[in-house]
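Visitor: Next up is a structure, given as structure tokens.
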Amino acid sequence: MILEANSVTKKFGDFTALNKASIAVPENSIFGLLGPNGAGKTTLIRIINQITGPDEGEVIFDGRKLHPDHIAMIGYLPEERGLYKKMKVGEQALYLAQLKGLSHHDAKQRLKKWFEKFEIQGWWDKKVEELSKGMQQKVQFVVTVVHEPKLLIFDEPFSGFDPINVNLLRDEILELRKNGSTIIFSTHNMASVEELCDNIALINKSEKILDGPVKEIKRKYFTNSYRVQYHNLNGIPYQFNETGFEILDSVVEDDINTVTFRLPSAKGPNDLLSAMLPHVSVIAFNEVIPSMNDIFISTVNAVNGNQVSAS
Amino acid sequence: MNKIFLIIQREYLSKARKRSFIIMTILGPLLMASIFVFSIYMATRQDEKLLIQVKDDTGLFFSKFENNQNYTFIEVTGDLEATKDTLKKRGDYMLLHIPATKLSIPDKAVIYSDQQPTMSLKDYIASRMSKELEKQKLSAEIRKEILNNTPGYKPGADTSAQDLMSETILKNIQTDVKITTIKTDEEGGEKKSFTEVAMGVGYIASLLIYMFIFLYGAQVMRGVIEEKTSRIVEVLVSSVKPFQLMMGKIVGIALVGLTQFLLWILFTFLIITAVQTAMPDKFAQAKPQATQLNQGMTIPNQETAVTAANQDQESSILSDVTDGLAFINLTQLLICFILFFLFGYLLYGALFAAIGAAVDNETDTQQFMLPVTVPLIFGLIVAQTVIQNPASPLAFWLSIIPLTSPIVMIVRIPFGVPLHEIILSLSLLVLGFLGTTWLAAKIYRTGILMYGKKSNYRELWKWIRYKG
């Protein structure tokens with residue numbers, strides 16, 4: 001584990017922003033930090049960045065309690081981000097890189113490399129206010145990663161980017177992981193979570209309500225459901241009720257039937273297929289995997305619903 | 001420490017490279033130098049002597065006008081219209097006509113001239129005339145007094161005796177008042193104190209501190225607001241501590257201000273030197289050519305002597321000023337100025353930074369600005385009364401209390417302040433600076449990460465109590 005937060009609590013006056021939240025981020029992985037707005041994600045990120053300190057609990061980074069030395073090993077791209085508008089791009093990037101502990105010389109060399117990679121060398125002497133928002137975001141991304149931190153924290157990194165640049169960024173993030181970095185990734189975009197994240201933690205109302213590897217979580221929410229597409233044989237509709245499988249959904253479109261079944265836990269996909277094959281011509285067969293989106297919504301709603309009924 | 005240096009550097013460079021800074025740096029000295037050069041020019045211009053013809057119908061005043069290096073008075077008699085005609089033809093002098101009156105006191109005079117007479121000439125004529133009138137009125141009063149208090153005295157019987165008496169009384173009461181204040185120092189020795197010089201130096205120093213705190217304090221505030229609204233602050237505080245960010249900004253801007261002051265002094269000096277070399281005759285110390293010029297004109301013989309006497313007087317005033325400056329302990333003043341200037345700015349700079357952190361834009365700063373500006377303005381107002389009475393209890397307390405002490409103490413210092421008071425005031429100021437910085441850092445730390453929330457004093461109090 002490169003980062004461990006152990007029952008971290010943070011209060012602002014009477015308001016509890018985080019309540020005994022614990023997360024564990026394995027090294028060299030992409031970790032999704034999820035949760036509705038105002039759940040406490042930003043507070044946790046700020047604690048990891050040592051912008052604020054926890055009231056209770058502790059954060060262990062790389063085997064050691066969080067220490068000011070760690071600042072140089074962490075890169076942070078906040079959701080609310082910006083640059084000095086009147087300052088030149090290159091100068092500003094140099095300044096921010098030096099604040100992360102790079103020497104002037106190193107910072108300049110590395111920045112030049114990144115600017116070339118992103119094909120933005122021409123912006124070096126431009127003022128930030130001359131750039132579009134998306135261009136500024138690119139500069140900001142470069143500044144975040146230029147000191148080659150062990151841990152990167154991206155808060156909604158894709159907001160403000162066009163699809164081409166989203167792809168570029170996603171590839172960069174994957175490459176950063178390949179090169180040994182660990183990435184904490186906070187977003188509301190569940191599709192990108194599914195695509196990128198190895199592990200997640202779900203925070204709701206200042207408490208962590210779910211965490212673990214994405215695959216395991218999905219398995220946990222596995223419902224033994226399957227979607228089958230088929231043609232009727234000889235135009236005679238087949239009555240599935242006899243098989244005893246629960247039908248969740250059934251659609252007929254252009255001669256193609258699409259039916260979703262839920263199987264009893266004792267039965268498997270082969271049982272369904274062998275029951276169907278004599279009667280229909282199957283053209284597609286999929287397991288129905290719950291999306292992160294579904295898991296997110298159902299988990300949050302379940303917790304909130306319980307709270308409502310409890311109170 | 002390295003990071004705070006980086007912040008100071010950025011703050012300094014970004015402000016010092018601004019167009020407004022460069023313009024102010026050039027305009028300031030130009031303005032100061034031109035005021036200086038202009039006043040010297042105006043002073044030397046008076047080398048041209050004014051010839052004033054006086055037609056005094058009352059016969060009371062002409063003898064009271066004394067010739068000096070600026071004016072020469074010549075009496076004329078004859079018809080007024082005729083003299084006016086001559087004046088119109090020649091036009092290189094002025095005609096002063098004092099008409100006679102029958103019943104009232106002759107208190108009117110008319111100047112005929114094709115050019116506007118200077119204020120100082122009018123003042124001179126008016127003061128001489130009113131002095132003479134006062135004398136006349138006084139002797140009339142005395143005469144009346146004698147008349148009433150001397151039994152059996154017949155009016156008009158012995159006028160010469162009356163005149164003699166009133167003349168004697170007048171002489172007796174007429175005293176040339178010349179005040180020299182004597183200040184006794186601890187060793188019991190006596191020193192002349194030069195109040196005007198002390199007043200001027202103290203007040204200018206106080207005004208400079210006031211201006212610097214306001215101008216550059218507001219810059220600190222604006223800088224913080226800029227970082228907050230552009231949201232770069234969130235990136236910054238993940239690299240440096242909020243306290244470092246705040247102090248870096250305050251110190252960086254202080255250095256910008258100091259640079260500006262130094263450049264102003266340097267440029268002003270350069271410009272004045274340049275003008276002096278370009279026009280040496282205007283600034284020559286002695287003025288022999290002035291006397292030569294005078295001799296070419298139709299003037300009474302004693303004129304040169306009068307001019308010389310005036311020059312003597314002038315040089316004695318000049319030496320008074322230099323003596324006064326020497327009397328004020330210049331090293332002490334300078335050290336105190338820099339210390340009060342620096343810590344006063346630092347104390348307020350932290351408060352300005354806190355205000356910037358508490359708001360989202362500059363228009364919201366009003367409610368928090370008030371408690372910061374009130375002591376500053378109060379200090380400046382009190383400074384004016386402190387000049388009159390530098391040892392009053394008000395002056396003492398305000399020069400000890402940290403919020404007003406940078407402005408008030410510096411006014412008192414040229415008058416001589418016991419060292420232990422200065423040390424007390426300075427230590428309290430440093431403590432005050434540490435106090436406001438500690439307080440401001442707490443507000444700043446929370447405030448810079450709060451967006452879109454209208455803050456009030458209760459909110460700030462909550463922020464102060466948050467744990468790190």
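Lettering and numbering for the structure tokens are positional, with chains as A, B, ... in the shown order, residues counted from 1 in each chain, and ligands counted from 1 in the shown order.
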When the cut-off is 7 Å and we count only C-alpha atoms, which residues of chain B are near chain A, given as a ChimeraX atom specification?
Guide: /B:3,230-232,234-235,237-239,462,466,468
Visitor: Could you list, as a ChimeraX atom specification, every residue within 7 Å of stretch 271-278 of chain B, counting only C-alpha atoms and ignoring same-chain residues fewer than 3 positions away?
Guide: /B:33,37,267-268,283
Visitor: Save out the residues we just selected, all heavy atoms, as a PDB file, in the first residue's frame.
Guide:
```pdb
ATOM      1  N   ALA B  33      10.428  66.282  -8.475  1.00  0.00           N
ATOM      2  CA  ALA B  33      11.511  67.139  -8.943  1.00  0.00           C
ATOM      3  C   ALA B  33      10.945  68.410  -9.537  1.00  0.00           C
ATOM      4  O   ALA B  33      11.483  69.498  -9.329  1.00  0.00           O
ATOM      5  CB  ALA B  33      12.356  66.406  -9.968  1.00  0.00           C
ATOM      6  N   VAL B  37      11.995  72.022  -8.482  1.00  0.00           N
ATOM      7  CA  VAL B  37      12.615  72.936  -9.432  1.00  0.00           C
ATOM      8  C   VAL B  37      11.748  74.174  -9.606  1.00  0.00           C
ATOM      9  O   VAL B  37      12.228  75.298  -9.635  1.00  0.00           O
ATOM     10  CB  VAL B  37      12.830  72.225 -10.788  1.00  0.00           C
ATOM     11  CG1 VAL B  37      13.212  73.228 -11.864  1.00  0.00           C
ATOM     12  CG2 VAL B  37      13.896  71.158 -10.659  1.00  0.00           C
ATOM     13  N   PHE B 267      15.871  58.932  -8.412  1.00  0.00           N
ATOM     14  CA  PHE B 267      15.506  59.659  -9.630  1.00  0.00           C
ATOM     15  C   PHE B 267      15.298  61.145  -9.344  1.00  0.00           C
ATOM     16  O   PHE B 267      15.728  62.003 -10.121  1.00  0.00           O
ATOM     17  CB  PHE B 267      14.237  59.066 -10.267  1.00  0.00           C
ATOM     18  CG  PHE B 267      14.497  57.775 -10.990  1.00  0.00           C
ATOM     19  CD1 PHE B 267      13.469  56.875 -11.232  1.00  0.00           C
ATOM     20  CD2 PHE B 267      15.767  57.453 -11.445  1.00  0.00           C
ATOM     21  CE1 PHE B 267      13.704  55.682 -11.899  1.00  0.00           C
ATOM     22  CE2 PHE B 267      16.018  56.268 -12.103  1.00  0.00           C
ATOM     23  CZ  PHE B 267      14.983  55.388 -12.331  1.00  0.00           C
ATOM     24  N   THR B 268      14.622  61.432  -8.237  1.00  0.00           N
ATOM     25  CA  THR B 268      14.407  62.839  -7.890  1.00  0.00           C
ATOM     26  C   THR B 268      15.750  63.556  -7.766  1.00  0.00           C
ATOM     27  O   THR B 268      15.950  64.640  -8.309  1.00  0.00           O
ATOM     28  CB  THR B 268      13.647  62.940  -6.556  1.00  0.00           C
ATOM     29  OG1 THR B 268      12.516  62.098  -6.615  1.00  0.00           O
ATOM     30  CG2 THR B 268      13.213  64.364  -6.284  1.00  0.00           C
ATOM     31  N   PHE B 283      20.508  78.552  -9.691  1.00  0.00           N
ATOM     32  CA  PHE B 283      20.632  77.893  -8.397  1.00  0.00           C
ATOM     33  C   PHE B 283      21.876  78.299  -7.621  1.00  0.00           C
ATOM     34  O   PHE B 283      22.197  77.719  -6.621  1.00  0.00           O
ATOM     35  CB  PHE B 283      20.631  76.368  -8.594  1.00  0.00           C
ATOM     36  CG  PHE B 283      19.340  75.881  -9.158  1.00  0.00           C
ATOM     37  CD1 PHE B 283      19.132  75.819 -10.512  1.00  0.00           C
ATOM     38  CD2 PHE B 283      18.302  75.524  -8.302  1.00  0.00           C
ATOM     39  CE1 PHE B 283      17.935  75.404 -11.022  1.00  0.00           C
ATOM     40  CE2 PHE B 283      17.110  75.105  -8.816  1.00  0.00           C
ATOM     41  CZ  PHE B 283      16.913  75.036 -10.180  1.00  0.00           C
TER      42      PHE B 283
END
```
Visitor: A:Asn224: which residues within 9 Å, counting only C-alpha atoms, same-chain residues fewer than 6 positions away excluded, as a list of chain:residue names?
Guide: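 Near neighbours after the sequence-gap exclusion: A:Phe261, A:Arg262, A:Leu263, A:Pro264, A:Ser265, A:Lys267, A:Gly268, A:Pro269, A:Glu287, A:Val288, A:Ile289.
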Visitor: To one decimal place in Å, what is the distance between atom CA of A:Lys108 and atom CA of A:Val145?
Guide: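 These two atoms are separated by 13.5 Å.
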Visitor: Write out as a compact mmCIF listing (two decimals) with C-alpha atoms, in the first residue's frame the residues lying within 7 Å of B:Val220, counting only C-alpha atoms and excluding same-chain residues fewer than 2 positions away.
Guide:
```
# COMPACT_ATOMS: atom_id res chain seq x y z
CA TYR B 216 0.74 48.28 -0.50
CA GLY B 217 -1.63 46.74 2.04
CA ALA B 218 -4.37 47.03 -0.56
CA ARG B 222 -5.90 42.32 -4.12
CA GLY B 223 -3.21 39.71 -4.70
CA VAL B 224 -4.90 37.30 -2.32
CA LYS B 249 3.22 37.75 -0.62
CA ILE B 250 3.45 40.34 2.17
CA ILE B 253 5.14 43.43 -1.90
CA GLY B 349 -0.29 43.61 5.63
CA PHE B 352 -5.16 42.94 4.58
CA ALA B 353 -4.24 39.40 3.53
```
Visitor: Neighbouring residues of A:Val251 were defined as those with any atom within 12 Å, considering only C-alpha atoms; residues of the same chain fewer than 6 positions away were excluded. Please report them as a tab-separated table (two decimals) with C-alpha atoms, in the first residue's frame.
Guide:
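Wrote around-v1.tsv, looks like this:
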```tsv
chain	number	residue	atom	x	y	z
A	227	ARG	CA	-29.39	-11.37	-21.67
A	228	VAL	CA	-30.28	-13.58	-24.63
A	229	GLN	CA	-31.02	-12.51	-28.18
A	230	TYR	CA	-32.68	-15.03	-30.49
A	257	ASN	CA	-36.20	-11.03	-29.26
A	258	THR	CA	-34.11	-9.67	-26.40
A	259	VAL	CA	-34.92	-11.20	-23.04
A	260	THR	CA	-33.14	-10.76	-19.68
```
